[in-house]
Amino acid sequence: MLGVVSLLHGADARAVRALWAELATDYGLREAPRRVPFPHVSYQIAVDYDRARLAEALAREAARHGPIRVTLTGLGAFEAPELVLYLAVERNAALDALHAALWWALVESGVARQWSPLYAPDSWIPHITLAQLDLTLGGLRAIQSAWSGRDLRREVWLSDLALGGDPPGEQPEPGQAQQPLARFTLGGAAEGDG
């Protein structure tokens, strides 16, 4: 699986990693950051992409959109199709515009292959994953109860578009970590090749 994301950097990434470490220590939840070890917000995921056209589309959209300031509003959870604990990202006009542009550039134009409908404009819920894969309903409820009074509100900057996933042509080992494969600065140029 591959995804088009914005990576978190600096203090924002460290804050998410601290929450991952706390969840590992207090609840034994290690699989989400083990599988995808970079804090991020996903815009779109697919089984595969037309890689040549993807690089062109990401470079074009990154040049058209500047960095976006978003607010993390606290804990959220998905219970289906699988359990996920996350930090909720409040939508705003700039974030919605970037997501819509990426949807058109990747899905409507046929660059994305076997894309997830969960990231379609009418169903997309922007978030930063904290726990997944080894999360149980009982564990989710325990964390929600323990962290209910915790202030997790934070302003963060989304400053790039990146392709995250398994390297092309490789069959991932079970539990193998994904990695950023290419990165494009919002309002700027490519910082990696894909």
# chains A, B, ... in the order shown; residues from 1 in each chain; ligands from 1
$ residues_around --residues "stretch 130-145 of chain A" --least-positions-apart "4" --cutoff "12 Å" --atoms "only C-alpha atoms" --output "NGL selection string"
:A and (13 or 15-24 or 26-41 or 74-88 or 149-150 or 175)
$ write_last_selection --atoms "N, CA and C atoms" --output "compact mmCIF listing (two decimals), in the first residue's frame"
# COMPACT_ATOMS: atom_id res chain seq x y z
N ALA A 13 6.59 16.51 14.97
CA ALA A 13 6.88 15.08 14.85
C ALA A 13 7.30 14.50 16.19
N ALA A 15 6.38 15.46 19.14
CA ALA A 15 5.20 15.35 20.00
C ALA A 15 4.41 14.08 19.70
N VAL A 16 4.26 13.74 18.42
CA VAL A 16 3.56 12.51 18.05
C VAL A 16 4.38 11.29 18.47
N ARG A 17 5.68 11.33 18.26
CA ARG A 17 6.53 10.20 18.67
C ARG A 17 6.48 9.99 20.19
N ALA A 18 6.36 11.07 20.94
CA ALA A 18 6.23 10.94 22.41
C ALA A 18 4.94 10.23 22.77
N LEU A 19 3.84 10.53 22.05
CA LEU A 19 2.58 9.83 22.29
C LEU A 19 2.70 8.36 21.90
N TRP A 20 3.38 8.07 20.79
CA TRP A 20 3.61 6.68 20.39
C TRP A 20 4.37 5.93 21.49
N ALA A 21 5.41 6.58 22.04
CA ALA A 21 6.22 5.94 23.09
C ALA A 21 5.38 5.70 24.35
N GLU A 22 4.53 6.65 24.69
CA GLU A 22 3.65 6.50 25.85
C GLU A 22 2.67 5.35 25.65
N LEU A 23 2.10 5.26 24.47
CA LEU A 23 1.17 4.17 24.17
C LEU A 23 1.89 2.81 24.20
N ALA A 24 3.13 2.77 23.76
CA ALA A 24 3.90 1.52 23.81
C ALA A 24 4.19 1.13 25.25
N ASP A 26 2.70 2.26 28.18
CA ASP A 26 1.53 2.10 29.05
C ASP A 26 0.53 1.06 28.56
N TYR A 27 0.45 0.83 27.25
CA TYR A 27 -0.59 -0.04 26.71
C TYR A 27 -0.06 -1.15 25.80
N GLY A 28 1.24 -1.19 25.58
CA GLY A 28 1.82 -2.22 24.72
C GLY A 28 1.52 -2.05 23.25
N LEU A 29 1.13 -0.86 22.82
CA LEU A 29 0.75 -0.61 21.42
C LEU A 29 1.97 -0.12 20.65
N ARG A 30 2.47 -0.98 19.76
CA ARG A 30 3.71 -0.67 19.05
C ARG A 30 3.59 -0.77 17.52
N GLU A 31 2.55 -1.40 17.03
CA GLU A 31 2.50 -1.74 15.61
C GLU A 31 2.33 -0.56 14.67
N ALA A 32 1.52 0.43 15.00
CA ALA A 32 1.32 1.55 14.06
C ALA A 32 2.63 2.26 13.76
N PRO A 33 3.40 2.70 14.77
CA PRO A 33 4.66 3.37 14.43
C PRO A 33 5.75 2.41 13.94
N ARG A 34 5.62 1.15 14.22
CA ARG A 34 6.59 0.18 13.69
C ARG A 34 6.37 0.02 12.18
N ARG A 35 5.12 -0.01 11.76
CA ARG A 35 4.80 -0.19 10.33
C ARG A 35 4.98 1.10 9.54
N VAL A 36 4.53 2.23 10.10
CA VAL A 36 4.66 3.53 9.44
C VAL A 36 5.31 4.48 10.45
N PRO A 37 6.66 4.52 10.48
CA PRO A 37 7.37 5.22 11.54
C PRO A 37 7.54 6.72 11.37
N PHE A 38 6.76 7.32 10.50
CA PHE A 38 6.86 8.76 10.30
C PHE A 38 5.48 9.39 10.55
N PRO A 39 5.39 10.34 11.50
CA PRO A 39 4.11 11.03 11.75
C PRO A 39 3.66 11.77 10.48
N HIS A 40 2.38 11.63 10.16
CA HIS A 40 1.90 12.19 8.90
C HIS A 40 0.38 12.32 8.89
N VAL A 41 -0.10 13.09 7.92
CA VAL A 41 -1.52 13.18 7.57
C VAL A 41 -1.65 12.63 6.16
N GLY A 74 -7.64 16.89 19.25
CA GLY A 74 -7.72 15.90 20.32
C GLY A 74 -7.85 14.50 19.76
N LEU A 75 -8.20 13.57 20.63
CA LEU A 75 -8.32 12.16 20.24
C LEU A 75 -9.57 11.90 19.42
N GLY A 76 -9.44 10.97 18.52
CA GLY A 76 -10.57 10.45 17.76
C GLY A 76 -10.33 8.96 17.54
N ALA A 77 -11.33 8.27 17.06
CA ALA A 77 -11.18 6.84 16.81
C ALA A 77 -12.09 6.40 15.68
N PHE A 78 -11.59 5.45 14.90
CA PHE A 78 -12.39 4.72 13.94
C PHE A 78 -12.60 3.33 14.54
N GLU A 79 -13.80 2.83 14.43
CA GLU A 79 -14.06 1.46 14.88
C GLU A 79 -14.28 0.52 13.71
N ALA A 80 -14.46 1.07 12.51
CA ALA A 80 -14.61 0.25 11.32
C ALA A 80 -14.04 1.04 10.15
N PRO A 81 -13.46 0.43 9.15
CA PRO A 81 -13.35 -1.01 8.97
C PRO A 81 -12.34 -1.67 9.92
N GLU A 82 -11.51 -0.90 10.62
CA GLU A 82 -10.63 -1.46 11.65
C GLU A 82 -10.46 -0.41 12.74
N LEU A 83 -10.01 -0.86 13.90
CA LEU A 83 -9.80 0.05 15.03
C LEU A 83 -8.57 0.92 14.79
N VAL A 84 -8.75 2.23 14.96
CA VAL A 84 -7.66 3.18 14.83
C VAL A 84 -7.87 4.27 15.87
N LEU A 85 -6.84 4.56 16.65
CA LEU A 85 -6.82 5.71 17.55
C LEU A 85 -6.00 6.79 16.87
N TYR A 86 -6.52 8.02 16.86
CA TYR A 86 -5.81 9.06 16.12
C TYR A 86 -5.96 10.42 16.79
N LEU A 87 -5.11 11.36 16.33
CA LEU A 87 -5.27 12.76 16.63
C LEU A 87 -6.09 13.36 15.50
N ALA A 88 -7.18 14.01 15.85
CA ALA A 88 -8.06 14.59 14.84
C ALA A 88 -7.45 15.88 14.30
N GLY A 149 -9.42 13.84 29.81
CA GLY A 149 -9.22 15.23 30.22
C GLY A 149 -7.94 15.85 29.71
N ARG A 150 -7.25 15.14 28.89
CA ARG A 150 -5.94 15.59 28.40
C ARG A 150 -6.08 16.56 27.25
N GLY A 175 5.36 -6.96 8.69
CA GLY A 175 5.78 -6.01 9.72
C GLY A 175 6.88 -5.05 9.29
$ closest_residue --among "A:Ala46, A:Ala63, A:Leu72, A:Ala11" --to "A:Arg153" --atoms "only C-alpha atoms"
A:Leu72
$ closest_atom_pairs --of "stretch 5-80 of chain A" --to "stretch 101-117 of chain A" --cutoff "8 Å" --atoms "only C-alpha atoms" --output "Markdown table"
| residue | atom | partner | partner_atom | distance |
| --- | --- | --- | --- | --- |
| A:Tyr43 | CA | A:Leu102 | CA | 7.5 |
| A:Gln44 | CA | A:Ser116 | CA | 7.2 |
| A:Ile45 | CA | A:Trp115 | CA | 5.8 |
| A:Ala46 | CA | A:Trp115 | CA | 3.9 |
| A:Val47 | CA | A:Gln114 | CA | 5.4 |
| A:Asp48 | CA | A:Arg113 | CA | 5.1 |
| A:Tyr49 | CA | A:Ala112 | CA | 4.5 |
| A:Asp50 | CA | A:Val111 | CA | 5.1 |
| A:Arg51 | CA | A:Val111 | CA | 7.9 |
| A:Arg53 | CA | A:Val111 | CA | 6.4 |
| A:Leu54 | CA | A:Val111 | CA | 6.2 |
| A:Ala57 | CA | A:Ala105 | CA | 6.1 |
| A:Leu58 | CA | A:Leu102 | CA | 7.9 |
| A:Glu61 | CA | A:Leu102 | CA | 7.1 |
$ closest_atom_pairs --of "stretch 88-121 of chain A" --to "stretch 179-187 of chain A" --cutoff "12 Å" --atoms "only C-alpha atoms" --output "JSON lines"
{"residue": "A:Ala94", "atom": "CA", "partner": "A:Leu186", "partner_atom": "CA", "distance": 11.9}
{"residue": "A:Leu95", "atom": "CA", "partner": "A:Leu186", "partner_atom": "CA", "distance": 11.9}
{"residue": "A:Leu98", "atom": "CA", "partner": "A:Leu186", "partner_atom": "CA", "distance": 10.1}
$ select_by_dssp --residues "chain A" --states "helix (DSSP H, G or I)" --output "JSON, numbers by chain"
{"A": [10, 11, 12, 13, 14, 15, 16, 17, 18, 19, 20, 21, 22, 23, 24, 25, 26, 27, 31, 32, 33, 34, 35, 51, 52, 53, 54, 55, 56, 57, 58, 59, 60, 61, 62, 63, 64, 93, 94, 95, 96, 97, 98, 99, 100, 101, 102, 103, 104, 105, 106, 107, 108, 117, 118, 119, 137, 138, 139, 140, 141, 142, 143, 144, 145, 146]}
$ select_by_dssp --residues "stretch 27-161 of chain A" --states "strand (DSSP E or B)" --output "MDAnalysis selection string"
chainID A and resid 40:49 68:78 84:89 112:115 127:132 154:158 160:161
$ closest_residue --among "A:Glu90, A:Asp151, A:Asp12, A:Asp160" --to "A:His65" --atoms "only C-alpha atoms"
A:Asp160
$ closest_residue --among "A:Thr25, A:Thr129, A:Ser148, A:Ser42" --to "A:Leu7" --atoms "only C-alpha atoms"
A:Ser42
